[in-house]
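Structure below is my_file.tsv: TSV, N, CA, C and O atoms.
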```tsv
chain	number	residue	atom	x	y	z
M	1	GLU	N	-9.63	6.78	-4.42
M	1	GLU	CA	-8.68	7.20	-3.42
M	1	GLU	C	-7.67	6.10	-3.16
M	1	GLU	O	-7.98	4.93	-3.26
M	2	PHE	N	-6.48	6.51	-2.79
M	2	PHE	CA	-5.42	5.56	-2.46
M	2	PHE	C	-5.20	5.58	-0.95
M	2	PHE	O	-4.85	6.61	-0.37
M	3	LYS	N	-5.45	4.45	-0.32
M	3	LYS	CA	-5.25	4.30	1.12
M	3	LYS	C	-4.34	3.11	1.35
M	3	LYS	O	-4.26	2.21	0.53
M	4	TYR	N	-3.64	3.12	2.47
M	4	TYR	CA	-2.75	2.00	2.78
M	4	TYR	C	-2.92	1.60	4.24
M	4	TYR	O	-3.40	2.38	5.07
M	5	ALA	N	-2.55	0.36	4.52
M	5	ALA	CA	-2.56	-0.17	5.89
M	5	ALA	C	-1.50	-1.26	5.96
M	5	ALA	O	-1.33	-2.03	5.02
M	6	ALA	N	-0.78	-1.30	7.08
M	6	ALA	CA	0.24	-2.33	7.29
M	6	ALA	C	0.39	-2.56	8.78
M	6	ALA	O	0.09	-1.68	9.59
M	7	GLY	N	0.83	-3.76	9.15
M	7	GLY	CA	1.03	-4.07	10.55
M	7	GLY	C	2.20	-5.01	10.76
M	7	GLY	O	2.53	-5.81	9.89
M	8	LEU	N	2.82	-4.89	11.91
M	8	LEU	CA	3.94	-5.74	12.31
M	8	LEU	C	3.67	-6.17	13.75
M	8	LEU	O	3.42	-5.32	14.61
M	9	TYR	N	3.72	-7.50	14.01
M	9	TYR	CA	3.35	-8.04	15.31
M	9	TYR	C	4.42	-9.01	15.81
M	9	TYR	O	5.11	-9.63	15.02
M	10	TYR	N	4.49	-9.12	17.12
M	10	TYR	CA	5.37	-10.08	17.76
M	10	TYR	C	4.50	-11.07	18.53
M	10	TYR	O	3.71	-10.66	19.40
M	11	ARG	N	4.62	-12.34	18.24
M	11	ARG	CA	3.80	-13.35	18.93
M	11	ARG	C	4.42	-13.65	20.28
M	11	ARG	O	5.29	-14.51	20.43
M	12	TRP	N	3.95	-12.93	21.30
M	12	TRP	CA	4.49	-13.04	22.64
M	12	TRP	C	3.96	-14.28	23.33
M	12	TRP	O	4.71	-15.05	23.90
M	13	GLU	N	2.66	-14.49	23.28
M	13	GLU	CA	1.99	-15.68	23.77
M	13	GLU	C	1.10	-16.18	22.64
M	13	GLU	O	0.82	-15.46	21.71
M	14	ARG	N	0.63	-17.40	22.77
M	14	ARG	CA	-0.25	-17.94	21.74
M	14	ARG	C	-1.50	-17.08	21.57
M	14	ARG	O	-2.04	-16.93	20.48
M	15	TRP	N	-1.96	-16.47	22.64
M	15	TRP	CA	-3.20	-15.70	22.62
M	15	TRP	C	-2.99	-14.19	22.61
M	15	TRP	O	-3.95	-13.42	22.60
M	16	LEU	N	-1.74	-13.72	22.62
M	16	LEU	CA	-1.48	-12.27	22.72
M	16	LEU	C	-0.27	-11.87	21.87
M	16	LEU	O	0.80	-12.44	22.01
M	17	SER	N	-0.47	-10.86	21.03
M	17	SER	CA	0.60	-10.34	20.17
M	17	SER	C	0.60	-8.83	20.19
M	17	SER	O	-0.33	-8.20	19.69
M	18	PRO	N	1.62	-8.19	20.79
M	18	PRO	CA	1.74	-6.74	20.66
M	18	PRO	C	2.28	-6.40	19.27
M	18	PRO	O	2.93	-7.22	18.62
M	19	GLY	N	2.01	-5.19	18.83
M	19	GLY	CA	2.50	-4.80	17.52
M	19	GLY	C	2.29	-3.32	17.24
M	19	GLY	O	1.91	-2.54	18.12
M	20	VAL	N	2.54	-2.97	16.00
M	20	VAL	CA	2.34	-1.60	15.54
M	20	VAL	C	1.67	-1.67	14.16
M	20	VAL	O	1.99	-2.53	13.34
M	21	GLU	N	0.70	-0.78	13.94
M	21	GLU	CA	0.02	-0.70	12.66
M	21	GLU	C	0.10	0.73	12.15
M	21	GLU	O	0.14	1.68	12.95
M	22	VAL	N	0.12	0.89	10.84
M	22	VAL	CA	0.10	2.21	10.22
M	22	VAL	C	-1.03	2.25	9.18
M	22	VAL	O	-1.29	1.26	8.51
M	23	TYR	N	-1.68	3.40	9.11
M	23	TYR	CA	-2.77	3.62	8.16
M	23	TYR	C	-2.57	4.99	7.53
M	23	TYR	O	-2.05	5.90	8.17
M	24	GLY	N	-3.03	5.13	6.29
M	24	GLY	CA	-2.91	6.43	5.66
M	24	GLY	C	-3.84	6.59	4.47
M	24	GLY	O	-4.36	5.62	3.92
M	25	ASP	N	-4.04	7.83	4.09
M	25	ASP	CA	-4.88	8.21	2.96
M	25	ASP	C	-4.18	9.39	2.27
M	25	ASP	O	-4.02	10.45	2.87
M	26	ILE	N	-3.77	9.18	1.02
M	26	ILE	CA	-3.05	10.25	0.31
M	26	ILE	C	-3.91	10.94	-0.74
M	26	ILE	O	-3.44	11.84	-1.41
M	27	GLY	N	-5.16	10.51	-0.90
M	27	GLY	CA	-6.04	11.11	-1.90
M	27	GLY	C	-6.11	10.25	-3.15
M	27	GLY	O	-5.83	9.06	-3.11
M	28	LEU	N	-6.47	10.87	-4.24
M	28	LEU	CA	-6.58	10.15	-5.51
M	28	LEU	C	-5.20	9.75	-6.02
M	28	LEU	O	-4.24	10.51	-5.89
M	29	ILE	N	-5.12	8.58	-6.62
M	29	ILE	CA	-3.82	8.06	-7.08
M	29	ILE	C	-3.23	8.93	-8.19
M	29	ILE	O	-2.02	9.08	-8.28
M	30	ASP	N	-4.08	9.54	-9.01
M	30	ASP	CA	-3.57	10.38	-10.09
M	30	ASP	C	-3.57	11.87	-9.75
M	30	ASP	O	-3.20	12.70	-10.57
M	31	ASP	N	-4.01	12.21	-8.53
M	31	ASP	CA	-4.02	13.60	-8.07
M	31	ASP	C	-3.82	13.60	-6.56
M	31	ASP	O	-4.74	13.83	-5.79
M	32	VAL	N	-2.60	13.35	-6.13
M	32	VAL	CA	-2.27	13.21	-4.71
M	32	VAL	C	-2.49	14.53	-3.98
M	32	VAL	O	-2.12	15.60	-4.47
M	33	ASP	N	-3.14	14.45	-2.81
M	33	ASP	CA	-3.37	15.64	-1.99
M	33	ASP	C	-2.06	16.20	-1.47
M	33	ASP	O	-1.08	15.46	-1.29
M	34	PRO	N	-2.01	17.52	-1.18
M	34	PRO	CA	-0.81	18.07	-0.53
M	34	PRO	C	-0.61	17.38	0.82
M	34	PRO	O	-1.56	16.91	1.44
M	35	SER	N	0.62	17.30	1.28
M	35	SER	CA	0.91	16.57	2.51
M	35	SER	C	0.13	17.11	3.70
M	35	SER	O	-0.21	16.36	4.61
M	36	SER	N	-0.21	18.39	3.72
M	36	SER	CA	-0.97	18.96	4.84
M	36	SER	C	-2.42	18.46	4.85
M	36	SER	O	-3.10	18.58	5.87
M	37	GLN	N	-2.91	17.92	3.75
M	37	GLN	CA	-4.28	17.41	3.67
M	37	GLN	C	-4.35	15.89	3.73
M	37	GLN	O	-5.43	15.31	3.76
M	38	GLN	N	-3.22	15.22	3.75
M	38	GLN	CA	-3.19	13.75	3.84
M	38	GLN	C	-3.37	13.33	5.30
M	38	GLN	O	-3.07	14.10	6.22
M	39	GLN	N	-3.85	12.11	5.49
M	39	GLN	CA	-4.00	11.58	6.85
M	39	GLN	C	-3.11	10.35	7.01
M	39	GLN	O	-3.17	9.43	6.19
M	40	HIS	N	-2.30	10.37	8.05
M	40	HIS	CA	-1.41	9.25	8.36
M	40	HIS	C	-1.47	9.00	9.87
M	40	HIS	O	-1.43	9.95	10.66
M	41	TYR	N	-1.54	7.71	10.25
M	41	TYR	CA	-1.67	7.33	11.65
M	41	TYR	C	-0.72	6.18	11.98
M	41	TYR	O	-0.45	5.33	11.14
M	42	VAL	N	-0.29	6.15	13.24
M	42	VAL	CA	0.46	5.01	13.77
M	42	VAL	C	-0.28	4.54	15.03
M	42	VAL	O	-0.74	5.36	15.84
M	43	PHE	N	-0.42	3.21	15.16
M	43	PHE	CA	-1.16	2.59	16.26
M	43	PHE	C	-0.30	1.56	16.98
M	43	PHE	O	0.02	0.53	16.38
M	44	PRO	N	0.06	1.76	18.24
M	44	PRO	CA	0.54	0.64	19.04
M	44	PRO	C	-0.70	-0.22	19.33
M	44	PRO	O	-1.74	0.31	19.71
M	45	VAL	N	-0.61	-1.52	19.12
M	45	VAL	CA	-1.78	-2.40	19.25
M	45	VAL	C	-1.47	-3.65	20.06
M	45	VAL	O	-0.32	-4.06	20.19
M	46	LEU	N	-2.53	-4.24	20.55
M	46	LEU	CA	-2.52	-5.60	21.11
M	46	LEU	C	-3.55	-6.39	20.33
M	46	LEU	O	-4.65	-5.89	20.07
M	47	ARG	N	-3.20	-7.60	19.94
M	47	ARG	CA	-4.17	-8.46	19.27
M	47	ARG	C	-4.06	-9.85	19.86
M	47	ARG	O	-3.03	-10.23	20.39
M	48	GLY	N	-5.15	-10.57	19.77
M	48	GLY	CA	-5.14	-11.90	20.34
M	48	GLY	C	-6.39	-12.68	20.00
M	48	GLY	O	-7.22	-12.25	19.21
M	49	GLN	N	-6.51	-13.84	20.65
M	49	GLN	CA	-7.65	-14.72	20.46
M	49	GLN	C	-8.41	-14.84	21.77
M	49	GLN	O	-7.81	-14.93	22.84
M	50	LEU	N	-9.74	-14.86	21.66
M	50	LEU	CA	-10.56	-15.08	22.84
M	50	LEU	C	-10.58	-16.57	23.15
M	50	LEU	O	-10.56	-17.40	22.25
M	51	PRO	N	-10.60	-16.95	24.44
M	51	PRO	CA	-10.59	-18.36	24.80
M	51	PRO	C	-11.89	-19.05	24.38
M	51	PRO	O	-12.91	-18.41	24.17
M	52	GLY	N	-11.82	-20.36	24.28
M	52	GLY	CA	-13.01	-21.14	23.98
M	52	GLY	C	-12.99	-21.79	22.61
M	52	GLY	O	-13.88	-22.56	22.30
M	53	GLY	N	-12.00	-21.48	21.80
M	53	GLY	CA	-11.89	-22.12	20.49
M	53	GLY	C	-13.00	-21.76	19.51
M	53	GLY	O	-13.30	-22.51	18.61
M	54	LEU	N	-13.62	-20.59	19.69
M	54	LEU	CA	-14.71	-20.18	18.81
M	54	LEU	C	-14.23	-19.47	17.55
M	54	LEU	O	-15.03	-19.13	16.70
M	55	GLY	N	-12.94	-19.21	17.45
M	55	GLY	CA	-12.42	-18.50	16.29
M	55	GLY	C	-12.57	-17.00	16.39
M	55	GLY	O	-12.54	-16.31	15.38
M	56	LEU	N	-12.76	-16.48	17.60
M	56	LEU	CA	-12.89	-15.03	17.78
M	56	LEU	C	-11.52	-14.42	18.06
M	56	LEU	O	-10.80	-14.87	18.94
M	57	GLU	N	-11.19	-13.39	17.30
M	57	GLU	CA	-9.94	-12.66	17.48
M	57	GLU	C	-10.27	-11.20	17.76
M	57	GLU	O	-11.29	-10.69	17.30
M	58	TRP	N	-9.41	-10.52	18.51
M	58	TRP	CA	-9.62	-9.12	18.83
M	58	TRP	C	-8.35	-8.33	18.52
M	58	TRP	O	-7.26	-8.86	18.47
M	59	ASN	N	-8.52	-7.03	18.33
M	59	ASN	CA	-7.43	-6.12	18.03
M	59	ASN	C	-7.80	-4.78	18.65
M	59	ASN	O	-8.84	-4.21	18.33
M	60	LEU	N	-6.94	-4.26	19.53
M	60	LEU	CA	-7.20	-3.04	20.28
M	60	LEU	C	-6.00	-2.12	20.14
M	60	LEU	O	-4.86	-2.56	20.27
M	61	GLY	N	-6.26	-0.84	19.86
M	61	GLY	CA	-5.14	0.07	19.71
M	61	GLY	C	-5.52	1.52	19.91
M	61	GLY	O	-6.69	1.91	19.83
M	62	ALA	N	-4.50	2.34	20.15
M	62	ALA	CA	-4.64	3.79	20.26
M	62	ALA	C	-3.82	4.41	19.14
M	62	ALA	O	-2.64	4.12	18.99
M	63	GLY	N	-4.47	5.24	18.32
M	63	GLY	CA	-3.80	5.82	17.16
M	63	GLY	C	-3.41	7.27	17.37
M	63	GLY	O	-4.13	8.03	18.03
M	64	PHE	N	-2.30	7.63	16.78
M	64	PHE	CA	-1.79	8.99	16.87
M	64	PHE	C	-1.63	9.55	15.46
M	64	PHE	O	-0.99	8.93	14.61
M	65	GLY	N	-2.22	10.72	15.22
M	65	GLY	CA	-2.13	11.36	13.92
M	65	GLY	C	-0.75	11.95	13.68
M	65	GLY	O	-0.14	12.52	14.59
M	66	LEU	N	-0.27	11.82	12.45
M	66	LEU	CA	1.07	12.28	12.11
M	66	LEU	C	1.08	13.53	11.23
M	66	LEU	O	2.15	14.07	10.95
M	67	THR	N	-0.09	13.97	10.76
M	67	THR	CA	-0.17	15.13	9.87
M	67	THR	C	-1.21	16.11	10.41
M	67	THR	O	-2.06	15.74	11.22
M	68	PRO	N	-1.17	17.38	9.96
M	68	PRO	CA	-2.15	18.37	10.44
M	68	PRO	C	-3.60	17.98	10.15
M	68	PRO	O	-4.50	18.33	10.91
M	69	SER	N	-3.84	17.25	9.09
M	69	SER	CA	-5.20	16.86	8.71
M	69	SER	C	-5.70	15.63	9.48
M	69	SER	O	-6.90	15.35	9.47
M	70	SER	N	-4.83	14.93	10.15
M	70	SER	CA	-5.20	13.74	10.92
M	70	SER	C	-5.78	14.14	12.27
M	70	SER	O	-5.44	15.18	12.83
M	71	ASP	N	-6.66	13.29	12.82
M	71	ASP	CA	-7.08	13.48	14.20
M	71	ASP	C	-5.87	13.27	15.10
M	71	ASP	O	-5.00	12.44	14.81
M	72	ASN	N	-5.80	14.00	16.21
M	72	ASN	CA	-4.65	13.86	17.12
M	72	ASN	C	-4.58	12.49	17.76
M	72	ASN	O	-3.52	11.91	17.91
M	73	PHE	N	-5.75	11.96	18.19
M	73	PHE	CA	-5.80	10.71	18.93
M	73	PHE	C	-7.10	9.99	18.61
M	73	PHE	O	-8.17	10.60	18.66
M	74	ILE	N	-7.03	8.71	18.28
M	74	ILE	CA	-8.22	7.89	18.05
M	74	ILE	C	-7.96	6.49	18.63
M	74	ILE	O	-6.81	6.09	18.82
M	75	THR	N	-9.03	5.78	18.92
M	75	THR	CA	-8.92	4.41	19.42
M	75	THR	C	-9.67	3.47	18.48
M	75	THR	O	-10.54	3.90	17.72
M	76	LYS	N	-9.32	2.19	18.55
M	76	LYS	CA	-10.01	1.20	17.73
M	76	LYS	C	-10.10	-0.11	18.49
M	76	LYS	O	-9.23	-0.45	19.30
M	77	LEU	N	-11.18	-0.84	18.22
M	77	LEU	CA	-11.38	-2.18	18.75
M	77	LEU	C	-12.07	-2.98	17.65
M	77	LEU	O	-13.15	-2.62	17.21
M	78	ASN	N	-11.42	-4.02	17.19
M	78	ASN	CA	-11.98	-4.90	16.17
M	78	ASN	C	-12.18	-6.28	16.77
M	78	ASN	O	-11.30	-6.81	17.45
M	79	ILE	N	-13.33	-6.88	16.50
M	79	ILE	CA	-13.62	-8.26	16.86
M	79	ILE	C	-13.84	-9.00	15.54
M	79	ILE	O	-14.60	-8.54	14.69
M	80	GLU	N	-13.17	-10.12	15.38
M	80	GLU	CA	-13.19	-10.84	14.11
M	80	GLU	C	-13.57	-12.31	14.36
M	80	GLU	O	-13.06	-12.94	15.27
M	81	PHE	N	-14.47	-12.81	13.54
M	81	PHE	CA	-14.86	-14.22	13.61
M	81	PHE	C	-14.26	-14.92	12.40
M	81	PHE	O	-14.53	-14.54	11.26
M	82	GLU	N	-13.44	-15.90	12.65
M	82	GLU	CA	-12.75	-16.61	11.56
M	82	GLU	C	-13.07	-18.09	11.65
M	82	GLU	O	-12.89	-18.72	12.68
M	83	ARG	N	-13.56	-18.64	10.56
M	83	ARG	CA	-13.91	-20.05	10.54
M	83	ARG	C	-13.61	-20.62	9.15
M	83	ARG	O	-14.02	-20.06	8.15
M	84	PHE	N	-12.90	-21.72	9.11
M	84	PHE	CA	-12.63	-22.40	7.86
M	84	PHE	C	-13.83	-23.28	7.52
M	84	PHE	O	-14.25	-24.11	8.32
M	85	VAL	N	-14.40	-23.08	6.33
M	85	VAL	CA	-15.61	-23.82	5.96
M	85	VAL	C	-15.34	-24.91	4.94
M	85	VAL	O	-16.26	-25.62	4.55
M	86	GLY	N	-14.12	-25.07	4.49
M	86	GLY	CA	-13.78	-26.12	3.53
M	86	GLY	C	-13.41	-25.54	2.19
M	86	GLY	O	-13.49	-24.35	1.95
M	87	PRO	N	-12.99	-26.41	1.27
M	87	PRO	CA	-12.60	-25.94	-0.05
M	87	PRO	C	-13.79	-25.36	-0.82
M	87	PRO	O	-14.92	-25.77	-0.64
M	88	VAL	N	-13.49	-24.39	-1.68
M	88	VAL	CA	-14.52	-23.73	-2.47
M	88	VAL	C	-15.03	-24.65	-3.57
M	88	VAL	O	-16.21	-24.73	-3.87
M	89	TRP	N	-14.13	-25.37	-4.21
M	89	TRP	CA	-14.53	-26.36	-5.22
M	89	TRP	C	-13.65	-27.55	-5.17
M	89	TRP	O	-12.67	-27.64	-4.59
```
Could you express the structure from this file as structure tokens?
Amino acid sequence: EFKYAAGLYYRWERWLSPGVEVYGDIGLIDDVDPSSQQQHYVFPVLRGQLPGGLGLEWNLGAGFGLTPSSDNFITKLNIEFERFVGPVW
């Protein structure tokens, strides 16, 4: 299956960035689904870092479906732990 995701953010504060993300699924790359069966979403989002210097980042958004096959409304919350461990070799 061929799926896509992209995001655009504005760094408003060091710990807070509003933005917009898009996600979609068009089916198999060599046999694309009809547009009525594809799923496409747009999400206004907020992302940022949790205080404390632990490397925890969060991303919160409300998604709106753009096609008949998409859900009308969905929400998401991602928590991410990011830590640099050094060079691989």
Residues within 8 Å of stretch 16-28 of chain M, please, as an MDAnalysis selection string. Count only N, CA, C and O atoms; anything in the same chain fewer than 5 positions from it doesn't count.
chainID M and resid 1:11 33:35 37:49 58:66
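If you look at atom C of M:Trp15 and atom C of M:Leu56, they are 9.7 Å away from each other.
Between atom CA of M:Leu50 and atom CA of M:Ile79 there is a distance of 9.6 Å.
The smallest atom-to-atom distance between M:Gly53 and any of M:Glu13, M:Glu82, M:Asp30, M:Asp71, using all atoms listed in the file, is found for M:Glu82.
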d(atom CA of M:Arg14, atom CA of M:Glu57) in Å
11.8 Å
Can you report as JSON the centre and edge lengths in Å, to one decimal, of an axis-aligned box around the listed atoms of stretch 47-62 of chain M padded with 6 Å on each side?
```
{"center_x": -8.8, "center_y": -9.1, "center_z": 20.1, "size_x": 24.4, "size_y": 39.0, "size_z": 21.4}
```
What parts of stretch 14-64 of chain M does DSSP call strand (DSSP E or B)? I'd like the answer as a compact mmCIF listing (two decimals) with N, CA, C and O atoms, in the coordinates of the input.
```
# COMPACT_ATOMS: atom_id res chain seq x y z
N LEU M 16 -1.74 -13.72 22.62
CA LEU M 16 -1.48 -12.27 22.72
C LEU M 16 -0.27 -11.87 21.87
O LEU M 16 0.80 -12.44 22.01
N SER M 17 -0.47 -10.86 21.03
CA SER M 17 0.60 -10.34 20.17
C SER M 17 0.60 -8.83 20.19
O SER M 17 -0.33 -8.20 19.69
N PRO M 18 1.62 -8.19 20.79
CA PRO M 18 1.74 -6.74 20.66
C PRO M 18 2.28 -6.40 19.27
O PRO M 18 2.93 -7.22 18.62
N GLY M 19 2.01 -5.19 18.83
CA GLY M 19 2.50 -4.80 17.52
C GLY M 19 2.29 -3.32 17.24
O GLY M 19 1.91 -2.54 18.12
N VAL M 20 2.54 -2.97 16.00
CA VAL M 20 2.34 -1.60 15.54
C VAL M 20 1.67 -1.67 14.16
O VAL M 20 1.99 -2.53 13.34
N GLU M 21 0.70 -0.78 13.94
CA GLU M 21 0.02 -0.70 12.66
C GLU M 21 0.10 0.73 12.15
O GLU M 21 0.14 1.68 12.95
N VAL M 22 0.12 0.89 10.84
CA VAL M 22 0.10 2.21 10.22
C VAL M 22 -1.03 2.25 9.18
O VAL M 22 -1.29 1.26 8.51
N TYR M 23 -1.68 3.40 9.11
CA TYR M 23 -2.77 3.62 8.16
C TYR M 23 -2.57 4.99 7.53
O TYR M 23 -2.05 5.90 8.17
N GLY M 24 -3.03 5.13 6.29
CA GLY M 24 -2.91 6.43 5.66
C GLY M 24 -3.84 6.59 4.47
O GLY M 24 -4.36 5.62 3.92
N ASP M 25 -4.04 7.83 4.09
CA ASP M 25 -4.88 8.21 2.96
C ASP M 25 -4.18 9.39 2.27
O ASP M 25 -4.02 10.45 2.87
N ILE M 26 -3.77 9.18 1.02
CA ILE M 26 -3.05 10.25 0.31
C ILE M 26 -3.91 10.94 -0.74
O ILE M 26 -3.44 11.84 -1.41
N GLY M 27 -5.16 10.51 -0.90
CA GLY M 27 -6.04 11.11 -1.90
C GLY M 27 -6.11 10.25 -3.15
O GLY M 27 -5.83 9.06 -3.11
N LEU M 28 -6.47 10.87 -4.24
CA LEU M 28 -6.58 10.15 -5.51
C LEU M 28 -5.20 9.75 -6.02
O LEU M 28 -4.24 10.51 -5.89
N ASP M 31 -4.01 12.21 -8.53
CA ASP M 31 -4.02 13.60 -8.07
C ASP M 31 -3.82 13.60 -6.56
O ASP M 31 -4.74 13.83 -5.79
N VAL M 32 -2.60 13.35 -6.13
CA VAL M 32 -2.27 13.21 -4.71
C VAL M 32 -2.49 14.53 -3.98
O VAL M 32 -2.12 15.60 -4.47
N GLN M 39 -3.85 12.11 5.49
CA GLN M 39 -4.00 11.58 6.85
C GLN M 39 -3.11 10.35 7.01
O GLN M 39 -3.17 9.43 6.19
N HIS M 40 -2.30 10.37 8.05
CA HIS M 40 -1.41 9.25 8.36
C HIS M 40 -1.47 9.00 9.87
O HIS M 40 -1.43 9.95 10.66
N TYR M 41 -1.54 7.71 10.25
CA TYR M 41 -1.67 7.33 11.65
C TYR M 41 -0.72 6.18 11.98
O TYR M 41 -0.45 5.33 11.14
N VAL M 42 -0.29 6.15 13.24
CA VAL M 42 0.46 5.01 13.77
C VAL M 42 -0.28 4.54 15.03
O VAL M 42 -0.74 5.36 15.84
N PHE M 43 -0.42 3.21 15.16
CA PHE M 43 -1.16 2.59 16.26
C PHE M 43 -0.30 1.56 16.98
O PHE M 43 0.02 0.53 16.38
N PRO M 44 0.06 1.76 18.24
CA PRO M 44 0.54 0.64 19.04
C PRO M 44 -0.70 -0.22 19.33
O PRO M 44 -1.74 0.31 19.71
N VAL M 45 -0.61 -1.52 19.12
CA VAL M 45 -1.78 -2.40 19.25
C VAL M 45 -1.47 -3.65 20.06
O VAL M 45 -0.32 -4.06 20.19
N LEU M 46 -2.53 -4.24 20.55
CA LEU M 46 -2.52 -5.60 21.11
C LEU M 46 -3.55 -6.39 20.33
O LEU M 46 -4.65 -5.89 20.07
N ARG M 47 -3.20 -7.60 19.94
CA ARG M 47 -4.17 -8.46 19.27
C ARG M 47 -4.06 -9.85 19.86
O ARG M 47 -3.03 -10.23 20.39
N GLY M 48 -5.15 -10.57 19.77
CA GLY M 48 -5.14 -11.90 20.34
C GLY M 48 -6.39 -12.68 20.00
O GLY M 48 -7.22 -12.25 19.21
N GLN M 49 -6.51 -13.84 20.65
CA GLN M 49 -7.65 -14.72 20.46
C GLN M 49 -8.41 -14.84 21.77
O GLN M 49 -7.81 -14.93 22.84
N LEU M 56 -12.76 -16.48 17.60
CA LEU M 56 -12.89 -15.03 17.78
C LEU M 56 -11.52 -14.42 18.06
O LEU M 56 -10.80 -14.87 18.94
N GLU M 57 -11.19 -13.39 17.30
CA GLU M 57 -9.94 -12.66 17.48
C GLU M 57 -10.27 -11.20 17.76
O GLU M 57 -11.29 -10.69 17.30
N TRP M 58 -9.41 -10.52 18.51
CA TRP M 58 -9.62 -9.12 18.83
C TRP M 58 -8.35 -8.33 18.52
O TRP M 58 -7.26 -8.86 18.47
N ASN M 59 -8.52 -7.03 18.33
CA ASN M 59 -7.43 -6.12 18.03
C ASN M 59 -7.80 -4.78 18.65
O ASN M 59 -8.84 -4.21 18.33
N LEU M 60 -6.94 -4.26 19.53
CA LEU M 60 -7.20 -3.04 20.28
C LEU M 60 -6.00 -2.12 20.14
O LEU M 60 -4.86 -2.56 20.27
N GLY M 61 -6.26 -0.84 19.86
CA GLY M 61 -5.14 0.07 19.71
C GLY M 61 -5.52 1.52 19.91
O GLY M 61 -6.69 1.91 19.83
N ALA M 62 -4.50 2.34 20.15
CA ALA M 62 -4.64 3.79 20.26
C ALA M 62 -3.82 4.41 19.14
O ALA M 62 -2.64 4.12 18.99
N GLY M 63 -4.47 5.24 18.32
CA GLY M 63 -3.80 5.82 17.16
C GLY M 63 -3.41 7.27 17.37
O GLY M 63 -4.13 8.03 18.03
N PHE M 64 -2.30 7.63 16.78
CA PHE M 64 -1.79 8.99 16.87
C PHE M 64 -1.63 9.55 15.46
O PHE M 64 -0.99 8.93 14.61
```
Given all atoms listed in the file as the counted atoms, nearest of M:Glu80, M:Trp89, M:Pro51, M:Ser36 to M:Pro68:
M:Ser36
